[in-house]
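Q: Pasting query00.txt here (compact mmCIF, C-alpha atoms):
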# COMPACT_ATOMS: atom_id res chain seq x y z
CA MET E 20 -72.30 149.72 -98.26
CA GLU E 21 -71.75 146.74 -95.95
CA PRO E 22 -68.99 147.42 -93.37
CA VAL E 23 -65.86 145.28 -93.43
CA GLN E 24 -66.32 142.18 -91.28
CA TYR E 25 -63.62 141.72 -88.66
CA SER E 26 -61.32 138.73 -88.90
CA TYR E 27 -60.22 136.56 -85.98
CA GLU E 28 -56.80 138.26 -86.07
CA ASP E 29 -58.52 141.65 -85.62
CA PHE E 30 -60.01 140.44 -82.34
CA ALA E 31 -56.56 139.33 -81.13
CA ARG E 32 -54.91 142.67 -81.84
CA LEU E 33 -55.99 144.36 -78.57
CA PRO E 34 -54.85 141.67 -76.09
CA THR E 35 -51.56 141.09 -77.92
CA THR E 36 -50.85 144.85 -78.05
CA VAL E 37 -51.48 145.27 -74.32
CA PHE E 38 -49.02 142.50 -73.43
CA TRP E 39 -46.53 143.88 -75.94
CA ILE E 40 -46.23 146.95 -73.65
CA MET E 41 -44.18 144.82 -71.24
CA GLY E 42 -42.37 142.94 -74.01
CA TYR E 43 -44.36 139.72 -73.75
CA ASP E 44 -45.55 137.98 -76.92
CA MET E 45 -48.49 135.74 -76.07
CA LEU E 46 -48.88 134.16 -79.52
CA ASP E 47 -45.15 133.87 -80.27
CA VAL E 48 -45.42 135.79 -83.53
CA PRO E 49 -42.27 135.43 -85.73
CA LYS E 50 -40.02 138.48 -85.60
CA SER E 51 -36.50 139.56 -86.54
CA ARG E 52 -33.55 138.44 -84.41
CA SER E 53 -32.74 141.96 -83.21
CA ARG E 54 -36.34 142.64 -82.20
CA ARG E 55 -36.53 139.31 -80.40
CA ILE E 56 -33.36 140.14 -78.43
CA LEU E 57 -34.64 143.61 -77.52
CA ASN E 58 -37.97 142.11 -76.36
CA ARG E 59 -36.15 139.63 -74.15
CA ILE E 60 -33.95 142.32 -72.63
CA TYR E 61 -36.95 144.54 -71.90
CA ARG E 62 -38.88 141.54 -70.55
CA PHE E 63 -35.94 140.71 -68.24
CA LEU E 64 -35.72 144.33 -67.01
CA CYS E 65 -39.43 144.36 -66.12
CA LEU E 66 -39.21 141.05 -64.24
CA ALA E 67 -35.93 141.96 -62.52
CA SER E 68 -37.25 145.37 -61.43
CA HIS E 69 -40.41 143.72 -60.15
CA ALA E 70 -38.38 141.18 -58.16
CA VAL E 71 -36.16 143.91 -56.67
CA CYS E 72 -39.13 146.09 -55.68
CA VAL E 73 -41.01 143.19 -54.11
CA GLY E 74 -37.85 142.16 -52.23
CA VAL E 75 -37.32 145.67 -50.86
CA MET E 76 -40.99 145.91 -49.89
CA ILE E 77 -40.81 142.64 -47.94
CA PHE E 78 -37.61 143.87 -46.24
CA ARG E 79 -39.32 147.09 -45.13
CA MET E 80 -42.29 145.15 -43.78
CA VAL E 81 -40.06 142.77 -41.82
CA GLU E 82 -37.90 145.65 -40.61
CA ALA E 83 -41.07 147.58 -39.61
CA LYS E 84 -39.09 150.73 -38.75
CA THR E 85 -40.41 152.98 -41.52
CA ILE E 86 -44.07 151.94 -41.31
CA ASP E 87 -45.15 154.28 -38.52
CA ASN E 88 -48.64 155.58 -39.36
CA VAL E 89 -52.06 154.40 -40.52
CA SER E 90 -51.67 155.91 -43.98
CA LEU E 91 -48.50 153.90 -44.63
CA ILE E 92 -50.07 150.73 -43.28
CA MET E 93 -52.95 151.08 -45.74
CA ARG E 94 -50.50 151.93 -48.54
CA TYR E 95 -48.52 148.76 -47.88
CA ALA E 96 -51.74 146.73 -47.67
CA THR E 97 -52.73 148.11 -51.08
CA LEU E 98 -49.35 147.22 -52.56
CA VAL E 99 -49.32 143.69 -51.15
CA THR E 100 -52.81 142.85 -52.42
CA TYR E 101 -52.16 144.39 -55.84
CA ILE E 102 -48.88 142.50 -56.22
CA ILE E 103 -50.56 139.20 -55.29
CA ASN E 104 -53.36 139.96 -57.75
CA SER E 105 -51.00 140.87 -60.60
CA ASP E 106 -48.56 138.01 -60.02
CA THR E 107 -51.43 135.52 -59.90
CA LYS E 108 -52.66 136.72 -63.28
CA PHE E 109 -49.14 136.76 -64.72
CA ALA E 110 -48.62 133.16 -63.61
CA THR E 111 -51.87 132.31 -65.41
CA VAL E 112 -50.78 133.77 -68.76
CA LEU E 113 -47.45 131.94 -68.53
CA GLN E 114 -49.43 128.89 -69.68
CA GLY E 115 -48.40 129.83 -73.21
CA ASN E 116 -48.90 126.43 -74.83
CA ALA E 117 -52.42 126.04 -73.42
CA ILE E 118 -53.39 129.58 -74.45
CA GLN E 119 -51.99 129.16 -77.97
CA SER E 120 -53.78 125.81 -78.31
CA LEU E 121 -57.13 127.33 -77.29
CA ASN E 122 -56.49 130.26 -79.61
CA LEU E 123 -55.88 127.95 -82.60
CA LYS E 124 -59.05 125.95 -81.90
CA LEU E 125 -61.17 129.10 -81.74
CA ALA E 126 -59.50 130.41 -84.90
CA GLU E 127 -60.53 127.22 -86.73
CA LEU E 128 -64.10 127.66 -85.55
CA TYR E 129 -64.33 131.34 -86.50
CA PRO E 130 -66.57 132.12 -89.53
CA LYS E 131 -64.42 132.20 -92.67
CA SER E 132 -66.59 133.72 -95.40
CA THR E 133 -67.93 137.27 -95.37
CA LEU E 134 -71.55 136.04 -95.54
CA ASP E 135 -70.97 133.70 -92.62
CA ARG E 136 -69.44 136.52 -90.58
CA ILE E 137 -72.40 138.75 -91.38
CA TYR E 138 -74.79 136.00 -90.30
CA HIS E 139 -72.91 135.52 -87.01
CA ARG E 140 -72.79 139.32 -86.56
CA VAL E 141 -69.11 139.23 -85.67
CA ASN E 142 -68.84 143.03 -85.76
CA ASP E 143 -71.35 143.23 -82.88
CA HIS E 144 -68.93 141.21 -80.75
CA TYR E 145 -65.86 143.28 -81.58
CA TRP E 146 -64.17 145.43 -78.94
CA THR E 147 -66.30 148.52 -78.42
CA LYS E 148 -64.77 151.99 -78.25
CA SER E 149 -65.90 152.31 -74.64
CA PHE E 150 -64.00 149.13 -73.75
CA VAL E 151 -60.84 150.35 -75.50
CA TYR E 152 -61.18 153.67 -73.67
CA LEU E 153 -61.54 151.79 -70.39
CA VAL E 154 -58.26 149.95 -71.04
CA ILE E 155 -56.55 153.23 -71.92
CA ILE E 156 -57.93 154.94 -68.80
CA TYR E 157 -56.89 152.01 -66.60
CA ILE E 158 -53.32 152.05 -67.93
CA GLY E 159 -53.30 155.86 -67.91
CA SER E 160 -54.49 156.13 -64.30
CA SER E 161 -51.86 153.56 -63.29
CA ILE E 162 -49.20 155.63 -65.07
CA MET E 163 -50.40 158.72 -63.24
CA VAL E 164 -49.99 156.91 -59.91
CA VAL E 165 -46.30 156.43 -60.81
CA ILE E 166 -45.53 159.80 -62.41
CA GLY E 167 -47.80 161.79 -60.07
CA PRO E 168 -45.03 162.27 -57.44
CA ILE E 169 -42.52 163.66 -59.94
CA ILE E 170 -45.21 165.99 -61.34
CA THR E 171 -45.83 167.17 -57.79
CA SER E 172 -42.08 167.70 -57.33
CA ILE E 173 -41.89 169.72 -60.57
CA ILE E 174 -44.87 171.86 -59.51
CA ALA E 175 -43.17 172.44 -56.12
CA TYR E 176 -39.99 173.50 -57.96
CA PHE E 177 -41.80 176.17 -59.98
CA THR E 178 -44.05 177.38 -57.14
CA GLN E 179 -41.74 177.02 -54.14
CA ASN E 180 -38.35 176.87 -55.89
CA VAL E 181 -37.66 173.49 -54.22
CA PHE E 182 -37.59 170.11 -55.99
CA THR E 183 -38.94 167.64 -53.41
CA TYR E 184 -37.66 164.41 -55.06
CA MET E 185 -40.93 162.56 -54.41
CA HIS E 186 -41.40 159.08 -55.86
CA CYS E 187 -44.15 156.49 -55.97
CA TYR E 188 -43.45 153.63 -53.57
CA PRO E 189 -42.74 154.15 -49.86
CA TYR E 190 -40.30 151.27 -49.48
CA PHE E 191 -37.52 153.17 -51.32
CA LEU E 192 -35.87 155.77 -49.06
CA TYR E 193 -34.16 158.69 -50.73
CA ASP E 194 -32.47 161.62 -48.98
CA PRO E 195 -31.62 164.42 -51.48
CA GLU E 196 -29.15 165.93 -49.02
CA GLN E 197 -27.07 162.75 -48.82
CA ASP E 198 -27.84 160.65 -51.91
CA PRO E 199 -26.76 161.59 -55.47
CA VAL E 200 -29.36 162.33 -58.15
CA TRP E 201 -28.57 159.16 -60.12
CA ILE E 202 -29.96 157.08 -57.24
CA TYR E 203 -33.25 158.98 -57.52
CA VAL E 204 -33.29 158.31 -61.29
CA GLY E 205 -32.54 154.63 -60.63
CA ILE E 206 -35.35 154.38 -58.08
CA TYR E 207 -37.82 155.94 -60.50
CA SER E 208 -36.72 153.60 -63.31
CA LEU E 209 -37.22 150.57 -61.04
CA GLU E 210 -40.65 151.84 -59.99
CA TRP E 211 -41.69 152.46 -63.61
CA LEU E 212 -40.72 148.96 -64.81
CA HIS E 213 -42.16 147.37 -61.65
CA SER E 214 -45.46 149.18 -62.19
CA THR E 215 -45.50 148.20 -65.89
CA GLN E 216 -45.12 144.55 -64.95
CA MET E 217 -47.98 144.68 -62.44
CA VAL E 218 -50.45 146.83 -64.38
CA ILE E 219 -50.10 145.02 -67.72
CA SER E 220 -50.25 141.59 -66.03
CA ASN E 221 -53.42 142.68 -64.24
CA ILE E 222 -55.40 144.15 -67.12
CA GLY E 223 -53.83 142.00 -69.85
CA ALA E 224 -54.81 138.66 -68.33
CA ASP E 225 -58.43 139.80 -68.04
CA ILE E 226 -58.47 141.00 -71.66
CA TRP E 227 -57.28 137.57 -72.82
CA LEU E 228 -59.98 135.94 -70.69
CA LEU E 229 -62.66 138.22 -72.18
CA TYR E 230 -61.25 137.69 -75.68
CA PHE E 231 -61.74 133.92 -75.47
CA GLN E 232 -65.10 134.24 -73.71
CA VAL E 233 -66.41 136.64 -76.39
CA GLN E 234 -65.49 134.12 -79.09
CA ILE E 235 -67.34 131.28 -77.33
CA ASN E 236 -70.36 133.52 -76.74
CA LEU E 237 -70.35 134.45 -80.44
CA HIS E 238 -70.72 130.80 -81.44
CA PHE E 239 -73.48 130.11 -78.91
CA ARG E 240 -75.43 133.04 -80.40
CA GLY E 241 -74.80 131.54 -83.84
CA ILE E 242 -76.28 128.19 -82.75
CA ILE E 243 -79.37 129.93 -81.36
CA ARG E 244 -79.87 131.91 -84.58
CA LEU E 245 -79.41 128.82 -86.77
CA LEU E 246 -82.00 126.87 -84.80
CA GLU E 247 -84.50 129.74 -84.89
CA ASP E 248 -84.12 130.24 -88.65
CA HIS E 249 -84.13 126.60 -89.77
CA LYS E 250 -87.44 125.09 -90.94
CA PRO E 251 -87.25 121.27 -91.17
CA SER E 252 -89.49 119.04 -93.25
CA VAL E 253 -89.86 115.33 -93.87
CA MET E 254 -89.29 116.16 -97.53
CA HIS E 255 -85.59 116.88 -96.87
CA ASP E 256 -85.08 114.86 -93.71
CA GLN E 257 -81.52 113.78 -94.56
CA GLU E 258 -80.29 117.37 -94.91
CA ASP E 259 -82.15 118.37 -91.74
CA ARG E 260 -80.50 115.63 -89.70
CA GLN E 261 -77.08 116.57 -91.07
CA PHE E 262 -77.80 120.17 -90.06
CA LEU E 263 -78.63 119.11 -86.50
CA ALA E 264 -75.63 116.79 -86.34
CA ARG E 265 -73.40 119.80 -87.06
CA ILE E 266 -75.20 121.76 -84.35
CA VAL E 267 -74.68 118.95 -81.81
CA ASP E 268 -71.02 118.66 -82.79
CA LYS E 269 -70.50 122.41 -82.42
CA GLN E 270 -72.29 122.42 -79.07
CA VAL E 271 -69.96 119.68 -77.80
CA ARG E 272 -66.90 121.57 -79.08
CA LEU E 273 -68.01 124.78 -77.36
CA VAL E 274 -68.46 123.00 -74.04
CA SER E 275 -64.97 121.52 -74.47
CA LEU E 276 -63.50 124.95 -75.29
CA GLN E 277 -65.20 126.51 -72.26
CA ASN E 278 -63.71 123.78 -70.06
CA GLU E 279 -60.27 124.55 -71.50
CA LEU E 280 -60.82 128.23 -70.75
CA ASN E 281 -61.77 127.37 -67.17
CA ASP E 282 -58.71 125.14 -66.82
CA ILE E 283 -56.43 127.98 -67.89
CA PHE E 284 -57.99 130.90 -66.01
CA GLY E 285 -60.20 129.24 -63.40
CA GLY E 286 -57.32 128.24 -61.14
CA SER E 287 -56.39 131.87 -60.49
CA LEU E 288 -59.81 133.45 -61.03
CA LEU E 289 -61.00 132.95 -57.46
CA LEU E 290 -57.82 134.39 -55.95
CA SER E 291 -57.90 137.23 -58.49
CA LEU E 292 -61.45 138.19 -57.51
CA LEU E 293 -60.59 138.14 -53.81
CA THR E 294 -57.41 140.18 -54.22
CA THR E 295 -59.13 142.65 -56.56
CA ALA E 296 -61.79 143.19 -53.88
CA ALA E 297 -59.00 143.67 -51.32
CA VAL E 298 -57.26 146.19 -53.61
CA ILE E 299 -60.52 148.14 -54.02
CA CYS E 300 -61.01 148.20 -50.24
CA THR E 301 -57.48 149.27 -49.33
CA VAL E 302 -57.21 151.84 -52.13
CA ALA E 303 -60.60 153.32 -51.17
CA VAL E 304 -59.60 153.65 -47.51
CA TYR E 305 -56.17 155.06 -48.40
CA THR E 306 -57.79 157.61 -50.74
CA LEU E 307 -60.24 158.71 -48.03
CA ILE E 308 -57.34 159.15 -45.61
CA GLN E 309 -55.23 161.14 -48.09
CA GLY E 310 -58.02 163.51 -49.02
CA ALA E 311 -58.20 165.80 -52.07
CA THR E 312 -54.74 165.43 -53.64
CA LEU E 313 -53.43 164.58 -57.12
CA GLU E 314 -52.61 161.09 -55.85
CA GLY E 315 -56.09 160.73 -54.37
CA PHE E 316 -57.69 161.81 -57.67
CA THR E 317 -55.70 159.25 -59.69
CA TYR E 318 -56.63 156.54 -57.18
CA VAL E 319 -60.33 157.39 -57.53
CA ILE E 320 -60.04 156.84 -61.31
CA PHE E 321 -58.09 153.64 -60.64
CA ILE E 322 -60.84 152.32 -58.32
CA GLY E 323 -63.49 153.05 -60.96
CA THR E 324 -61.64 151.19 -63.69
CA SER E 325 -60.86 148.27 -61.34
CA VAL E 326 -64.55 147.88 -60.44
CA THR E 327 -65.48 148.01 -64.14
CA GLN E 328 -62.80 145.40 -64.85
CA VAL E 329 -64.38 142.98 -62.36
CA TYR E 330 -67.84 143.79 -63.69
CA LEU E 331 -66.88 142.92 -67.28
CA VAL E 332 -65.46 139.53 -66.27
CA CYS E 333 -68.69 138.76 -64.38
CA TYR E 334 -70.84 140.18 -67.19
CA TYR E 335 -69.36 137.92 -69.87
CA GLY E 336 -69.50 135.00 -67.44
CA GLN E 337 -73.23 135.72 -67.08
CA GLN E 338 -73.57 135.86 -70.87
CA VAL E 339 -72.18 132.37 -71.50
CA LEU E 340 -74.38 131.04 -68.69
CA ASP E 341 -77.48 132.61 -70.25
CA LEU E 342 -76.63 131.76 -73.86
CA SER E 343 -75.95 128.08 -73.16
CA GLY E 344 -79.38 127.87 -71.53
CA GLU E 345 -81.06 129.79 -74.36
CA VAL E 346 -80.09 127.01 -76.76
CA ALA E 347 -82.83 124.89 -75.16
CA HIS E 348 -85.33 127.75 -75.55
CA ALA E 349 -84.37 128.07 -79.22
CA VAL E 350 -85.19 124.36 -79.66
CA TYR E 351 -88.53 124.77 -77.88
CA ASN E 352 -89.41 127.72 -80.13
CA HIS E 353 -88.14 125.85 -83.15
CA ASP E 354 -90.70 125.11 -85.89
CA PHE E 355 -90.23 121.30 -85.84
CA HIS E 356 -93.86 120.24 -86.43
CA ASP E 357 -93.22 119.01 -89.98
CA ALA E 358 -89.95 117.27 -89.07
CA SER E 359 -89.38 113.52 -88.87
CA ILE E 360 -89.18 111.48 -85.66
CA ALA E 361 -85.41 111.07 -86.12
CA TYR E 362 -85.00 114.84 -86.40
CA LYS E 363 -86.97 115.35 -83.17
CA ARG E 364 -84.70 112.88 -81.39
CA TYR E 365 -81.72 115.02 -82.40
CA LEU E 366 -83.51 118.00 -80.92
CA LEU E 367 -83.93 116.09 -77.67
CA ILE E 368 -80.15 115.52 -77.54
CA ILE E 369 -79.55 119.27 -77.89
CA ILE E 370 -82.10 120.03 -75.16
CA ILE E 371 -80.52 117.51 -72.76
CA ARG E 372 -77.05 119.00 -73.34
CA ALA E 373 -78.39 122.53 -72.87
CA GLN E 374 -79.76 121.60 -69.44
CA GLN E 375 -76.18 121.38 -68.18
CA PRO E 376 -75.10 125.03 -67.82
CA VAL E 377 -71.91 126.10 -69.53
CA GLU E 378 -70.22 128.58 -67.25
CA LEU E 379 -67.09 130.51 -66.51
CA ASN E 380 -66.03 129.24 -63.11
CA ALA E 381 -63.23 129.51 -60.61
CA MET E 382 -61.71 126.10 -59.92
CA GLY E 383 -65.11 124.46 -60.43
CA TYR E 384 -66.45 125.99 -57.20
CA LEU E 385 -67.58 129.53 -57.97
CA SER E 386 -69.66 130.38 -61.02
CA ILE E 387 -68.70 133.80 -62.35
CA SER E 388 -71.84 135.83 -63.00
CA LEU E 389 -73.45 139.17 -62.18
CA ASP E 390 -74.54 137.72 -58.82
CA THR E 391 -70.85 137.19 -58.08
CA PHE E 392 -70.20 140.86 -58.83
CA LYS E 393 -73.05 141.99 -56.57
CA GLN E 394 -71.79 139.84 -53.71
CA LEU E 395 -68.22 141.05 -54.21
CA MET E 396 -69.23 144.72 -54.16
CA SER E 397 -71.46 144.18 -51.12
CA VAL E 398 -68.64 142.57 -49.16
CA SER E 399 -66.18 145.27 -50.31
CA TYR E 400 -68.50 148.04 -49.12
CA ARG E 401 -68.88 146.41 -45.70
CA VAL E 402 -65.11 145.97 -45.36
CA ILE E 403 -64.45 149.60 -46.34
CA THR E 404 -67.01 150.78 -43.76
CA MET E 405 -65.48 148.56 -41.08
CA LEU E 406 -61.93 149.75 -41.82
CA MET E 407 -62.94 153.40 -41.71
CA GLN E 408 -64.68 152.88 -38.36
CA MET E 409 -61.58 151.16 -36.97
CA ILE E 410 -59.29 153.97 -38.15
CA GLN E 411 -61.55 156.75 -36.82
Would you mind writing the structure in this file as structure tokens?
A:
Amino acid sequence: MEPVQYSYEDFARLPTTVFWIMGYDMLDVPKSRSRRILNRIYRFLCLASHAVCVGVMIFRMVEAKTIDNVSLIMRYATLVTYIINSDTKFATVLQGNAIQSLNLKLAELYPKSTLDRIYHRVNDHYWTKSFVYLVIIYIGSSIMVVIGPIITSIIAYFTQNVFTYMHCYPYFLYDPEQDPVWIYVGIYSLEWLHSTQMVISNIGADIWLLYFQVQINLHFRGIIRLLEDHKPSVMHDQEDRQFLARIVDKQVRLVSLQNELNDIFGGSLLLSLLTTAAVICTVAVYTLIQGATLEGFTYVIFIGTSVTQVYLVCYYGQQVLDLSGEVAHAVYNHDFHDASIAYKRYLLIIIIRAQQPVELNAMGYLSISLDTFKQLMSVSYRVITMLMQMIQ
């Protein structure tokens, strides 16, 4: 029995669900008045908590009285780079109209009939279980970073009969001997909402980027398959030329859609890559300094998922680069010997267009590919080594 072919809405379910965690509706789906009000309140609480935490962090850095050791310096460096990274991505997804416009255009292009979806192998492009697990692990490890301190405090209470009132971020100062418990609860609530804002902005923006890139890659693969399977003949030249005209039109539309994708995400993509590399470096050094602790373990998982996150962006960027070039190879391998001269001219147009690479790029300067990932990891490793040598 043929498996059910995924619809375009099925693809959108993962990215919309992830952003729903912080009360943000990317596609502006109609909802009841009460639910809309609750979403807005929750959205405001996340943003307000984030603003308060960032403000307190900046105050502590300017004050410079509580930052008195190397471990804290690296912790603050990690926080600053992660906040810049997350806020950059959040600013990107605030382009709601542009994202919804691109989403509608790709929805129109998506195969409608079951047979067409089977031919385009849409199920092969759907979110894999390993990718969904990666998202869950990323969010889970980030949650553990926040709740790890209170778990440690609970363990201390049962083993040492003392609740240590630990919390996540060093810029909040709490003295259990002087401050009431409600302040501790308030601090933890702020940290939770602040962390939610940063983590979901970080992973959610990349999922939306991959979501759009997967759709474009799907259609490039469809073009390649159509060209490889079609057998033209002078006997039905009119139909053949109409077939190629549709291919040319679709090729032009895909290039336009890729440019729109670059316009939306490319502006922040370069800064995001740099800050992600900085986060990996600072977290790695901080983890090495801390040693074998619960916090260190959760940070190791966090580093692994962050590296995989960068890899996936570069991997799908490499795919669109390769697939756009493979269109020309599909034409070369195309059985066009029995076609008319007019048909062969259409093929030449496709080849000429395919010579101009379609790519995911950052502000038109940096092409995002697997080479980008290799360079990023190489630089990160050298920086980590340098930082460890300086500290030791």
Q: Considering all atoms listed in the file, state which residue in the set E:Asn281, E:Asn352, E:Asn122, E:Ser68 is at the smallest distance from E:Tyr230.
A: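 Closest to E:Tyr230 of all the choices is E:Asn122.
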Q: Neighbouring residues of E:Glu345 were defined as those with any atom within 10 Å, considering all atoms listed in the file; residues of the same chain fewer than 3 positions away were excluded. Please report them as a PyMOL selection string.
A: chain E and resi 239-240+242-243+339-342+348-351+370+373-374
Q: Using all atoms listed in the file for the distances, tell me which of E:Ile86, E:Val23, E:Ile219, E:Val346 is nearest to E:Pro376.
A: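 Between E:Ile86, E:Val23, E:Ile219, E:Val346, the residue approaching E:Pro376 most closely is E:Val346.
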Q: Counting only C-alpha atoms, which of E:Asn104, E:Ser343, E:Asn180, E:Thr324 gets nearest to E:Leu289?
A: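 Ranking E:Asn104, E:Ser343, E:Asn180, E:Thr324 by distance to E:Leu289, first place goes to E:Asn104.
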Q: Suppose you want the space between atom CA of E:Lys363 and atom CA of E:His238; what is it in Å?
A: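 Pair atom CA of E:Lys363 / atom CA of E:His238 returns 22.5 Å.
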Q: Separation of atom CA of E:Val151 and atom CA of E:Thr327, in Å?
A: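 Going from atom CA of E:Val151 over to atom CA of E:Thr327 covers 12.5 Å.
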Q: At a cut-off of 9 Å, using all atoms listed in the file, what residues contact E:Tyr335? Leave out same-chain residues fewer than 5 positions from it and give the result as a PyMOL selection string.
A: chain E and resi 229+232-233+236+330+340+379+387-389
Q: How would the residues just chosen look if you wrote them out with C-alpha atoms as an mmCIF file, in the coordinates of the input?
A:
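Below is the file again.cif, written as the result:
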data_model
loop_
_atom_site.group_PDB
_atom_site.id
_atom_site.type_symbol
_atom_site.label_atom_id
_atom_site.label_comp_id
_atom_site.auth_asym_id
_atom_site.auth_seq_id
_atom_site.Cartn_x
_atom_site.Cartn_y
_atom_site.Cartn_z
ATOM 1 C CA LEU E 229 -62.660 138.220 -72.180
ATOM 2 C CA GLN E 232 -65.100 134.240 -73.710
ATOM 3 C CA VAL E 233 -66.410 136.640 -76.390
ATOM 4 C CA ASN E 236 -70.360 133.520 -76.740
ATOM 5 C CA TYR E 330 -67.840 143.790 -63.690
ATOM 6 C CA LEU E 340 -74.380 131.040 -68.690
ATOM 7 C CA LEU E 379 -67.090 130.510 -66.510
ATOM 8 C CA ILE E 387 -68.700 133.800 -62.350
ATOM 9 C CA SER E 388 -71.840 135.830 -63.000
ATOM 10 C CA LEU E 389 -73.450 139.170 -62.180
#
Q: Tell me, in Å to one decimal, how far atom CA of E:Asn116 is from atom CA of E:Gln277.
A: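 Between atom CA of E:Asn116 and atom CA of E:Gln277 the gap works out to 16.5 Å.
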Q: List as a PyMOL selection string the protein and nucleic acid residues near E:Asp29, meaning an atom at most 12 Å away when all atoms listed in the file are counted, but skip any in the same chain fewer than 5 places from it.
A: chain E and resi 23-24+34-36+126+129+141-142+144-146+230
Q: When you count only C-alpha atoms, which of these residues is closest to E:Lys108: E:Trp227, E:Phe392, E:Tyr193, E:Tyr400?
A: E:Trp227
Q: So, with all atoms listed in the file as the atoms that count, which of E:Val326, E:Tyr365, E:Gln408, E:Met45 lies closest to E:Val304?
A: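 For E:Val304, the nearest of the candidates is E:Gln408.
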Q: Find the residues near E:Cys72: any atom within 10 Å, counting all atoms listed in the file, skip ones fewer than 6 places away on the same chain, and give them as a list in words.
A: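 Residues meeting the cut-off are Leu66, Phe78, Tyr188, Tyr190, Phe191, Ile206, Leu209, Glu210, Leu212, His213 and Ser214 of chain E.
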Q: Compile the contact shell of E:Thr97 as a ChimeraX atom specification: residues with an atom at most 8 Å away, counting all atoms listed in the file, same-chain residues fewer than 4 positions apart removed.
A: /E:93,101,297-298,301-302
